[in-house]
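As stored in input-v7.txt (compact mmCIF, C-alpha atoms (C1' of nucleotides)):
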```txt
# COMPACT_ATOMS: atom_id res chain seq x y z
CA MET A 1 20.77 -1.08 -11.84
CA LYS A 2 17.12 -1.95 -11.44
CA ILE A 3 15.15 -0.56 -8.50
CA ALA A 4 11.56 -1.57 -7.80
CA THR A 5 8.71 -0.72 -5.46
CA TYR A 6 5.91 -3.10 -4.54
CA ASN A 7 3.00 -2.71 -2.13
CA VAL A 8 2.66 -6.40 -1.25
CA ASN A 9 -0.45 -6.13 0.96
CA GLY A 10 0.86 -8.62 3.54
CA VAL A 11 4.44 -9.82 3.16
CA ASN A 12 3.81 -13.28 4.62
CA GLY A 13 0.55 -13.98 2.86
CA ARG A 14 2.20 -12.72 -0.32
CA LEU A 15 5.51 -14.55 0.06
CA PRO A 16 5.07 -17.05 -2.84
CA VAL A 17 4.12 -14.22 -5.21
CA LEU A 18 6.96 -12.01 -3.97
CA LEU A 19 9.56 -14.77 -4.38
CA ARG A 20 8.25 -15.67 -7.83
CA TRP A 21 8.45 -12.04 -8.94
CA LEU A 22 11.96 -11.59 -7.48
CA GLU A 23 13.19 -14.67 -9.30
CA GLU A 24 11.54 -13.62 -12.55
CA THR A 25 12.71 -10.00 -12.64
CA ALA A 26 15.80 -9.97 -10.36
CA PRO A 27 15.67 -6.33 -9.27
CA ASP A 28 18.80 -5.08 -7.49
CA VAL A 29 16.90 -3.08 -4.89
CA VAL A 30 13.27 -3.46 -3.80
CA CYS A 31 11.12 -1.21 -1.62
CA LEU A 32 8.17 -2.99 -0.03
CA GLN A 33 5.09 -1.47 1.62
CA GLU A 34 2.20 -2.85 3.65
CA LEU A 35 4.17 -5.65 5.25
CA LYS A 36 1.31 -6.15 7.73
CA ALA A 37 3.70 -8.02 9.97
CA PRO A 38 5.32 -7.25 13.33
CA GLN A 39 9.08 -6.72 13.33
CA GLU A 40 9.81 -10.30 14.39
CA ASN A 41 7.62 -11.90 11.71
CA PHE A 42 9.40 -10.54 8.66
CA PRO A 43 10.43 -13.41 6.31
CA GLU A 44 14.12 -12.55 6.52
CA GLU A 45 15.38 -16.07 5.96
CA ALA A 46 13.22 -16.78 2.90
CA LEU A 47 14.40 -13.54 1.32
CA ARG A 48 18.03 -14.26 2.23
CA ASN A 49 17.70 -17.66 0.54
CA ALA A 50 16.39 -15.81 -2.50
CA GLY A 51 19.54 -13.70 -2.50
CA TYR A 52 18.34 -10.54 -0.73
CA LYS A 53 19.51 -8.85 2.42
CA ALA A 54 16.91 -6.61 4.03
CA ILE A 55 16.13 -3.86 6.49
CA TRP A 56 12.55 -3.37 7.59
CA HIS A 57 10.30 -1.51 9.98
CA GLY A 58 7.39 -3.73 10.86
CA GLN A 59 4.17 -3.17 12.78
CA LYS A 60 1.45 -5.49 14.00
CA SER A 61 -1.48 -5.80 11.58
CA TRP A 62 -0.90 -2.72 9.42
CA ASN A 63 1.65 -0.65 7.55
CA GLY A 64 5.28 -1.76 7.55
CA VAL A 65 8.04 -0.97 5.01
CA ALA A 66 11.25 -2.68 3.91
CA ILE A 67 14.24 -2.24 1.63
CA LEU A 68 15.84 -5.30 -0.01
CA SER A 69 19.15 -5.47 -1.84
CA ARG A 70 20.61 -8.26 -3.93
CA GLY A 71 24.24 -7.13 -3.91
CA ALA A 72 25.14 -3.80 -2.39
CA GLU A 73 25.05 -3.18 1.34
CA ILE A 74 22.07 -1.32 2.80
CA ALA A 75 23.17 1.55 5.03
CA GLU A 76 20.11 2.65 6.98
CA ARG A 77 19.73 6.41 7.45
CA ARG A 78 16.41 6.59 9.29
CA ARG A 79 13.22 4.59 9.87
CA VAL A 80 10.95 7.43 10.91
CA LEU A 81 9.76 10.44 8.96
CA PRO A 82 10.77 13.44 11.06
CA GLY A 83 8.33 15.97 12.43
CA ASP A 84 5.93 14.11 14.72
CA PRO A 85 7.21 12.10 17.70
CA GLU A 86 3.61 10.96 18.34
CA ASP A 87 3.28 9.23 14.95
CA SER A 88 3.31 5.47 15.63
CA HIS A 89 2.77 4.19 12.06
CA SER A 90 5.59 2.33 10.30
CA ARG A 91 5.44 4.14 6.99
CA TYR A 92 8.98 5.27 6.21
CA ILE A 93 12.47 3.83 5.91
CA GLU A 94 15.46 5.40 4.22
CA ALA A 95 18.87 4.00 3.33
CA THR A 96 21.90 4.49 1.12
CA VAL A 97 22.43 1.63 -1.34
CA ASP A 98 25.25 1.71 -3.87
CA GLY A 99 25.66 5.47 -3.42
CA ILE A 100 21.96 6.22 -3.92
CA ILE A 101 19.71 7.51 -1.13
CA ILE A 102 16.48 5.54 -1.31
CA ALA A 103 13.40 6.56 0.66
CA CYS A 104 10.73 3.86 0.86
CA LEU A 105 7.39 5.32 1.91
CA TYR A 106 3.77 4.37 2.46
CA LEU A 107 1.78 7.57 2.53
CA PRO A 108 -1.52 7.35 4.45
CA ASN A 109 -4.65 6.54 2.46
CA GLY A 110 -6.66 9.32 4.13
CA ASN A 111 -10.21 8.09 3.58
CA PRO A 112 -12.80 8.97 4.54
CA ALA A 113 -12.28 12.60 3.61
CA PRO A 114 -12.77 15.01 5.15
CA GLY A 115 -12.03 13.73 8.65
CA PRO A 116 -9.22 12.83 11.03
CA LYS A 117 -7.70 10.28 8.67
CA PHE A 118 -7.51 12.84 5.90
CA ASP A 119 -5.98 15.33 8.33
CA TYR A 120 -3.38 12.71 9.21
CA LYS A 121 -2.64 12.19 5.52
CA LEU A 122 -2.12 15.90 4.88
CA GLY A 123 0.01 16.24 8.01
CA TRP A 124 2.16 13.31 6.95
CA PHE A 125 2.41 14.79 3.46
CA ASN A 126 3.59 18.09 4.90
CA ARG A 127 6.28 16.34 6.92
CA LEU A 128 7.35 14.52 3.75
CA GLN A 129 7.59 17.84 1.91
CA VAL A 130 9.82 19.26 4.65
CA HIS A 131 12.11 16.24 4.68
CA ALA A 132 12.16 15.88 0.89
CA GLY A 133 13.12 19.55 0.67
CA GLU A 134 16.33 18.67 2.47
CA LEU A 135 17.06 15.72 0.16
CA VAL A 136 16.24 17.19 -3.25
CA ASN A 137 19.23 19.50 -3.55
CA LEU A 138 21.87 17.04 -2.42
CA ASP A 139 24.61 16.21 -4.92
CA THR A 140 23.89 12.57 -4.08
CA PRO A 141 21.27 10.85 -6.25
CA VAL A 142 18.03 10.46 -4.30
CA ILE A 143 14.90 8.40 -4.95
CA LEU A 144 11.57 8.81 -3.18
CA THR A 145 9.49 5.76 -3.95
CA GLY A 146 6.59 3.73 -2.68
CA ASP A 147 2.83 3.85 -2.37
CA PHE A 148 2.03 7.56 -2.28
CA ASN A 149 -1.75 7.01 -2.27
CA VAL A 150 -1.91 9.94 -4.69
CA ILE A 151 -3.55 9.98 -8.12
CA PRO A 152 -1.49 12.85 -9.56
CA THR A 153 -3.75 13.83 -12.48
CA GLU A 154 -6.93 12.81 -14.29
CA HIS A 155 -4.76 10.77 -16.67
CA ASP A 156 -3.87 8.48 -13.77
CA VAL A 157 -7.34 7.10 -13.05
CA TYR A 158 -9.84 5.20 -15.18
CA LYS A 159 -12.80 7.45 -14.31
CA PRO A 160 -11.65 10.71 -12.75
CA GLU A 161 -15.17 11.99 -12.06
CA ARG A 162 -15.76 9.14 -9.63
CA TRP A 163 -12.71 10.04 -7.58
CA VAL A 164 -12.95 13.79 -7.07
CA ASP A 165 -14.06 13.44 -3.43
CA ASP A 166 -11.69 10.59 -2.64
CA ALA A 167 -8.64 11.20 -0.43
CA LEU A 168 -6.37 9.92 -3.23
CA PHE A 169 -7.58 12.51 -5.71
CA ARG A 170 -8.94 15.46 -3.75
CA THR A 171 -7.60 18.89 -4.59
CA GLU A 172 -5.58 19.12 -1.37
CA THR A 173 -3.85 15.82 -2.16
CA ARG A 174 -3.02 16.67 -5.76
CA THR A 175 -1.80 20.10 -4.71
CA ALA A 176 0.50 18.60 -2.10
CA PHE A 177 1.94 16.23 -4.70
CA ARG A 178 2.43 19.09 -7.17
CA GLU A 179 4.20 21.10 -4.48
CA LEU A 180 6.48 18.16 -3.82
CA LEU A 181 7.34 17.84 -7.52
CA ASP A 182 7.96 21.57 -7.69
CA GLN A 183 10.81 21.21 -5.22
CA GLY A 184 12.69 19.65 -8.15
CA TRP A 185 11.58 16.02 -8.23
CA THR A 186 10.94 14.17 -11.49
CA ASP A 187 8.09 11.65 -11.76
CA ALA A 188 10.05 8.94 -13.60
CA ILE A 189 7.10 7.23 -15.27
CA ARG A 190 5.61 10.49 -16.55
CA LYS A 191 9.03 11.72 -17.68
CA LEU A 192 9.37 8.69 -19.97
CA TYR A 193 5.66 8.21 -20.79
CA PRO A 194 3.99 11.64 -20.72
CA GLU A 195 0.73 10.54 -22.32
CA ASP A 196 0.27 6.80 -21.76
CA LYS A 197 -2.40 5.24 -19.59
CA ILE A 198 -0.32 3.61 -16.86
CA TYR A 199 -1.80 2.11 -13.70
CA THR A 200 -0.19 0.44 -10.68
CA PHE A 201 -3.27 -0.57 -8.66
CA TRP A 202 -6.51 -2.36 -9.45
CA ASP A 203 -9.22 -3.10 -6.89
CA TYR A 204 -9.84 -6.72 -5.97
CA PHE A 205 -13.53 -6.49 -6.74
CA ARG A 206 -15.77 -5.44 -9.58
CA ASN A 207 -13.38 -7.29 -11.85
CA ALA A 208 -11.23 -4.16 -11.85
CA TYR A 209 -8.06 -5.70 -13.28
CA ALA A 210 -9.85 -7.36 -16.20
CA ARG A 211 -11.64 -4.08 -16.94
CA ASP A 212 -8.39 -2.16 -16.50
CA ALA A 213 -10.16 0.06 -13.98
CA GLY A 214 -6.93 1.12 -12.32
CA LEU A 215 -5.10 3.92 -10.59
CA ARG A 216 -1.51 5.13 -10.78
CA ILE A 217 -0.55 5.67 -7.15
CA ASP A 218 2.89 4.03 -6.78
CA HIS A 219 5.58 6.45 -7.88
CA PHE A 220 9.29 7.05 -8.39
CA LEU A 221 10.41 10.61 -7.72
CA LEU A 222 14.03 11.40 -8.65
CA ASN A 223 16.20 14.39 -7.78
CA ALA A 224 18.30 15.91 -10.58
CA PRO A 225 21.46 13.79 -10.13
CA MET A 226 19.30 10.65 -10.23
CA GLU A 227 17.11 11.80 -13.12
CA LYS A 228 20.25 12.22 -15.26
CA ARG A 229 20.86 8.49 -14.85
CA LEU A 230 17.30 7.33 -15.66
CA LEU A 231 17.30 4.77 -18.49
CA SER A 232 13.85 3.17 -18.43
CA ALA A 233 10.82 2.52 -16.23
CA GLY A 234 7.76 0.32 -16.20
CA VAL A 235 5.03 -1.56 -14.35
CA ASP A 236 5.05 -5.37 -14.02
CA ARG A 237 1.31 -5.37 -14.44
CA HIS A 238 1.08 -9.08 -15.31
CA VAL A 239 1.93 -9.82 -11.66
CA ARG A 240 -1.47 -8.36 -10.75
CA GLY A 241 -3.01 -11.26 -12.69
CA TRP A 242 -1.33 -13.99 -10.63
CA GLU A 243 -3.16 -16.12 -8.05
CA LYS A 244 -3.20 -14.75 -4.48
CA THR A 245 -1.64 -11.53 -5.70
CA SER A 246 -1.54 -8.04 -4.21
CA ASP A 247 -3.93 -5.37 -5.45
CA HIS A 248 -0.84 -3.38 -6.47
CA ALA A 249 1.62 -4.28 -9.22
CA PRO A 250 5.39 -3.78 -8.90
CA VAL A 251 6.85 -0.63 -10.48
CA TRP A 252 10.51 -0.33 -11.46
CA ILE A 253 13.14 1.95 -12.92
CA HIS A 254 16.45 1.14 -14.56
CA VAL A 255 19.28 3.60 -13.87
CA SER A 256 22.89 3.74 -15.00
C1' DA B 257 -20.33 1.61 -7.02
C1' DT B 258 -21.72 3.89 -0.36
C1' DG B 259 -15.78 -2.16 0.40
C1' DC B 260 -19.12 -6.43 -3.79
C1' DC B 261 -12.51 -8.63 -1.91
C1' DG B 262 -8.55 -9.56 0.86
C1' DT B 263 -5.47 -9.49 5.02
C1' DG B 264 -4.31 -9.85 9.85
C1' DG B 265 -5.72 -10.45 14.55
C1' DA B 266 -8.76 -11.63 17.59
C1' DA B 267 -12.32 -14.35 18.43
C1' DA B 268 -16.25 -17.01 15.00
C1' DC B 269 -16.51 -10.63 13.88
C1' DC B 270 -13.73 -6.47 13.37
C1' DA B 271 -10.50 -2.71 11.45
C1' DC B 272 -8.46 -1.32 7.54
C1' DG B 273 -7.36 -0.69 2.78
C1' DA B 274 -8.22 2.68 -2.02
```
Reformat the file's structure so that it appears as structure tokens.
Amino acid sequence: MKIATYNVNGVNGRLPVLLRWLEETAPDVVCLQELKAPQENFPEEALRNAGYKAIWHGQKSWNGVAILSRGAEIAERRRVLPGDPEDSHSRYIEATVDGIIIACLYLPNGNPAPGPKFDYKLGWFNRLQVHAGELVNLDTPVILTGDFNVIPTEHDVYKPERWVDDALFRTETRTAFRELLDQGWTDAIRKLYPEDKIYTFWDYFRNAYARDAGLRIDHFLLNAPMEKRLLSAGVDRHVRGWEKTSDHAPVWIHVS
DNA sequence: ATGCCGTGGAAACCACGA
């Protein structure tokens, strides 16, 4: 079973690229972030014609998350991260697919830091920690995946010294991610590739992709029952080289 | 290297992203 995550940066503007990638790689389940589309403008029919059923939580202009499935039914569990009734951003959706609990998330960027946006990021992160703490010890396999907007370590960025004051790499952010892992989550890519230079995002400008000036910010975190079933993982980085592509590349895992 | 690009929405510029 192949499960992927992809920050599409606009699901309608990105539709040709998304459909091409789906046809090429045929993942069984896909988590999408940054739909940038209101609920009624999600390309449900185009994805159905490509073989995918979907649940999604849209929002005008920004954010938006979705879960697609090629075969198994998608049983939605929640579409809001608990802990703040005032939070209006569509950044979280969670479902059971083929016996696996899959949380699709788009953690706030948080720049500029410090400031209110960084405070929102840390608050959202804390709510994620609380909720993840309830998921990690389930006997059910659980996956937290999506765009975490976290550079976990200096090995996950082309020039760490340039990012120390950035919301993606600040001490508070890395500490929060470490605390999340310490609950008992396994970073699937780092489990399989402890040393390799692996990126999932390259800026649109400064020729970042050609220079391989990237970041690893899209992650798969697995609880113990899921980690036991991990077979392989990777980044479809060639997709970042396509025309009219997202600034993120798809990331995937293969589980038994 | 402090958004130089890209997207969506509103209005012919702006907010936002990482």
Worksheet item: If we count all atoms listed in the file, which residues of chain B reach to within 9 Å of chain A? Please list them as a list in words.
Response: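 Listing them in order of chain and number gives DA257, DG259, DC260, DC261, DG262, DT263, DG264, DG265, DC272, DG273 and DA274 of chain B.
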Response to the item:
atom CA of A:Phe148 sits from atom CA of A:Val8 at a separation of 14.0 Å
Worksheet item: What does the distance between atom CA of A:Ala54 and atom CA of A:Asn126 come to in Å, to one decimal place?
Response: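 Atom CA of A:Ala54 sits 28.1 Å away from atom CA of A:Asn126.
Closest to A:Glu134 among A:Leu18, A:Gly83, A:Gly51, A:Gln183 is A:Gln183, based on all atoms listed in the file.
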Worksheet, complete the sentence: For A:Met226, the closest of A:Asp187, A:Glu94, A:Asp28, A:Asp87 counting all atoms listed in the file is A:Asp187
Practice prompt. Can you work out the spacing between atom CA of A:Asp98 and atom CA of A:Glu76 in Å, to one decimal?
Written response: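 Atom CA of A:Asp98 sits 12.0 Å away from atom CA of A:Glu76.
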Worksheet item: Do you know which residues are at most 7 Å from A:Ser90 counting all atoms listed in the file, after dropping those on the same chain fewer than 2 positions away, and could you put them as a VMD selection string?
Response: chain A and resid 57 to 59 63 to 65 88 92
Fill in: Distance query A:Ile253 at most 6 Å, only C-alpha atoms (C1' of nucleotides), self and fewer than 6 positions along chain excluded, as JSON, numbers by chain
{"A": [2, 3, 232, 233]}
Discussion item. I'd like the neighbourhood of A:Leu122 as a list in words, where a residue qualifies if any of its atoms comes within 9 Å (using only C-alpha atoms (C1' of nucleotides)), though same-chain residues fewer than 6 positions away should be ignored.
Written reply: Pro108, Gly110, Glu172, Thr173 and Ala176 of chain A
Fill in: Shell of 9 Å around A:Leu222, only C-alpha atoms (C1' of nucleotides), local chain residues under 4 positions omitted, as a VMD selection string
chain A and resid 136 141 to 145 184 to 188 226 to 227 230
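Counting only C-alpha atoms, the residue from A:Pro116, A:Gly234, A:Gly123, A:Gly241 that sits nearest to A:Ala4 is A:Gly234.
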File for stretch 69-109 of chain A (N, CA and C atoms), as a CSV table (one decimal), in the first residue's frame:
```
chain,number,residue,atom,x,y,z
A,69,SER,N,-8.5,8.5,-2.0
A,69,SER,CA,-8.2,7.1,-2.0
A,69,SER,C,-8.7,6.4,-3.3
A,70,ARG,N,-7.8,5.5,-3.7
A,70,ARG,CA,-8.1,4.9,-5.0
A,70,ARG,C,-9.0,3.7,-4.9
A,71,GLY,N,-9.0,3.0,-3.7
A,71,GLY,CA,-9.8,1.8,-3.6
A,71,GLY,C,-10.6,1.8,-2.3
A,72,ALA,N,-9.9,1.8,-1.2
A,72,ALA,CA,-10.6,1.7,0.1
A,72,ALA,C,-11.5,2.9,0.4
A,73,GLU,N,-12.5,2.7,1.2
A,73,GLU,CA,-13.4,3.8,1.6
A,73,GLU,C,-12.6,4.7,2.6
A,74,ILE,N,-13.0,6.0,2.6
A,74,ILE,CA,-12.5,7.0,3.5
A,74,ILE,C,-13.5,7.3,4.5
A,75,ALA,N,-13.2,6.9,5.8
A,75,ALA,CA,-14.1,7.1,6.9
A,75,ALA,C,-13.6,8.3,7.7
A,76,GLU,N,-14.2,9.5,7.5
A,76,GLU,CA,-13.7,10.7,8.1
A,76,GLU,C,-13.9,10.6,9.6
A,77,ARG,N,-12.9,11.0,10.4
A,77,ARG,CA,-12.9,11.1,11.8
A,77,ARG,C,-13.1,12.5,12.3
A,78,ARG,N,-12.4,13.4,11.7
A,78,ARG,CA,-12.5,14.8,12.1
A,78,ARG,C,-11.9,15.7,11.0
A,79,ARG,N,-12.4,17.0,11.0
A,79,ARG,CA,-11.8,17.9,10.0
A,79,ARG,C,-11.3,19.2,10.7
A,80,VAL,N,-11.1,19.1,12.0
A,80,VAL,CA,-10.6,20.2,12.8
A,80,VAL,C,-9.7,19.7,13.8
A,81,LEU,N,-8.6,20.3,14.0
A,81,LEU,CA,-7.7,20.0,15.1
A,81,LEU,C,-8.3,20.5,16.4
A,82,PRO,N,-8.5,19.7,17.4
A,82,PRO,CA,-9.1,20.1,18.6
A,82,PRO,C,-8.3,21.2,19.4
A,83,GLY,N,-9.0,21.9,20.2
A,83,GLY,CA,-8.2,22.8,21.2
A,83,GLY,C,-8.4,24.3,21.0
A,84,ASP,N,-9.0,24.7,19.9
A,84,ASP,CA,-9.2,26.1,19.7
A,84,ASP,C,-10.4,26.4,18.8
A,85,PRO,N,-11.6,26.6,19.4
A,85,PRO,CA,-12.8,26.8,18.6
A,85,PRO,C,-12.7,28.1,17.7
A,86,GLU,N,-11.8,29.0,18.1
A,86,GLU,CA,-11.7,30.2,17.3
A,86,GLU,C,-10.8,30.1,16.0
A,87,ASP,N,-10.1,28.9,15.9
A,87,ASP,CA,-9.2,28.7,14.8
A,87,ASP,C,-10.1,28.5,13.5
A,88,SER,N,-9.9,29.4,12.5
A,88,SER,CA,-10.8,29.3,11.3
A,88,SER,C,-10.0,28.7,10.1
A,89,HIS,N,-8.7,28.4,10.3
A,89,HIS,CA,-7.9,27.9,9.2
A,89,HIS,C,-8.2,26.4,8.9
A,90,SER,N,-8.4,26.0,7.6
A,90,SER,CA,-8.6,24.6,7.2
A,90,SER,C,-7.2,24.0,7.0
A,91,ARG,N,-6.7,23.4,8.1
A,91,ARG,CA,-5.4,22.8,8.1
A,91,ARG,C,-5.3,21.4,8.6
A,92,TYR,N,-6.4,20.8,8.8
A,92,TYR,CA,-6.4,19.4,9.4
A,92,TYR,C,-7.6,18.6,8.9
A,93,ILE,N,-7.3,17.4,8.5
A,93,ILE,CA,-8.4,16.4,8.3
A,93,ILE,C,-7.9,15.0,8.5
A,94,GLU,N,-8.7,14.2,9.1
A,94,GLU,CA,-8.3,12.9,9.6
A,94,GLU,C,-9.3,11.8,9.3
A,95,ALA,N,-8.9,10.7,8.8
A,95,ALA,CA,-9.8,9.6,8.4
A,95,ALA,C,-9.1,8.3,8.6
A,96,THR,N,-10.0,7.3,8.7
A,96,THR,CA,-9.5,5.9,8.6
A,96,THR,C,-9.7,5.4,7.2
A,97,VAL,N,-8.6,4.8,6.7
A,97,VAL,CA,-8.6,4.2,5.3
A,97,VAL,C,-7.9,2.9,5.4
A,98,ASP,N,-8.6,1.8,5.1
A,98,ASP,CA,-8.1,0.5,5.1
A,98,ASP,C,-7.5,0.1,6.4
A,99,GLY,N,-8.2,0.5,7.5
A,99,GLY,CA,-7.7,0.2,8.8
A,99,GLY,C,-6.6,1.1,9.4
A,100,ILE,N,-6.2,2.1,8.6
A,100,ILE,CA,-5.1,3.0,9.1
A,100,ILE,C,-5.7,4.3,9.3
A,101,ILE,N,-5.4,4.9,10.5
A,101,ILE,CA,-5.8,6.3,10.8
A,101,ILE,C,-4.7,7.2,10.1
A,102,ILE,N,-5.2,8.1,9.3
A,102,ILE,CA,-4.4,9.0,8.5
A,102,ILE,C,-4.8,10.4,8.9
A,103,ALA,N,-3.8,11.2,9.4
A,103,ALA,CA,-4.0,12.6,9.7
A,103,ALA,C,-3.3,13.4,8.7
A,104,CYS,N,-4.0,14.2,7.9
A,104,CYS,CA,-3.4,15.1,6.9
A,104,CYS,C,-3.4,16.5,7.4
A,105,LEU,N,-2.2,17.1,7.5
A,105,LEU,CA,-2.1,18.4,8.2
A,105,LEU,C,-1.2,19.4,7.4
A,106,TYR,N,-1.5,20.6,7.7
A,106,TYR,CA,-0.8,21.7,7.1
A,106,TYR,C,-0.5,22.7,8.2
A,107,LEU,N,0.7,22.5,8.8
A,107,LEU,CA,1.1,23.3,10.0
A,107,LEU,C,1.4,24.7,9.6
A,108,PRO,N,1.0,25.7,10.3
A,108,PRO,CA,1.3,27.1,9.9
A,108,PRO,C,2.8,27.4,9.7
A,109,ASN,N,3.0,28.2,8.7
A,109,ASN,CA,4.4,28.6,8.4
A,109,ASN,C,5.0,29.4,9.5
```
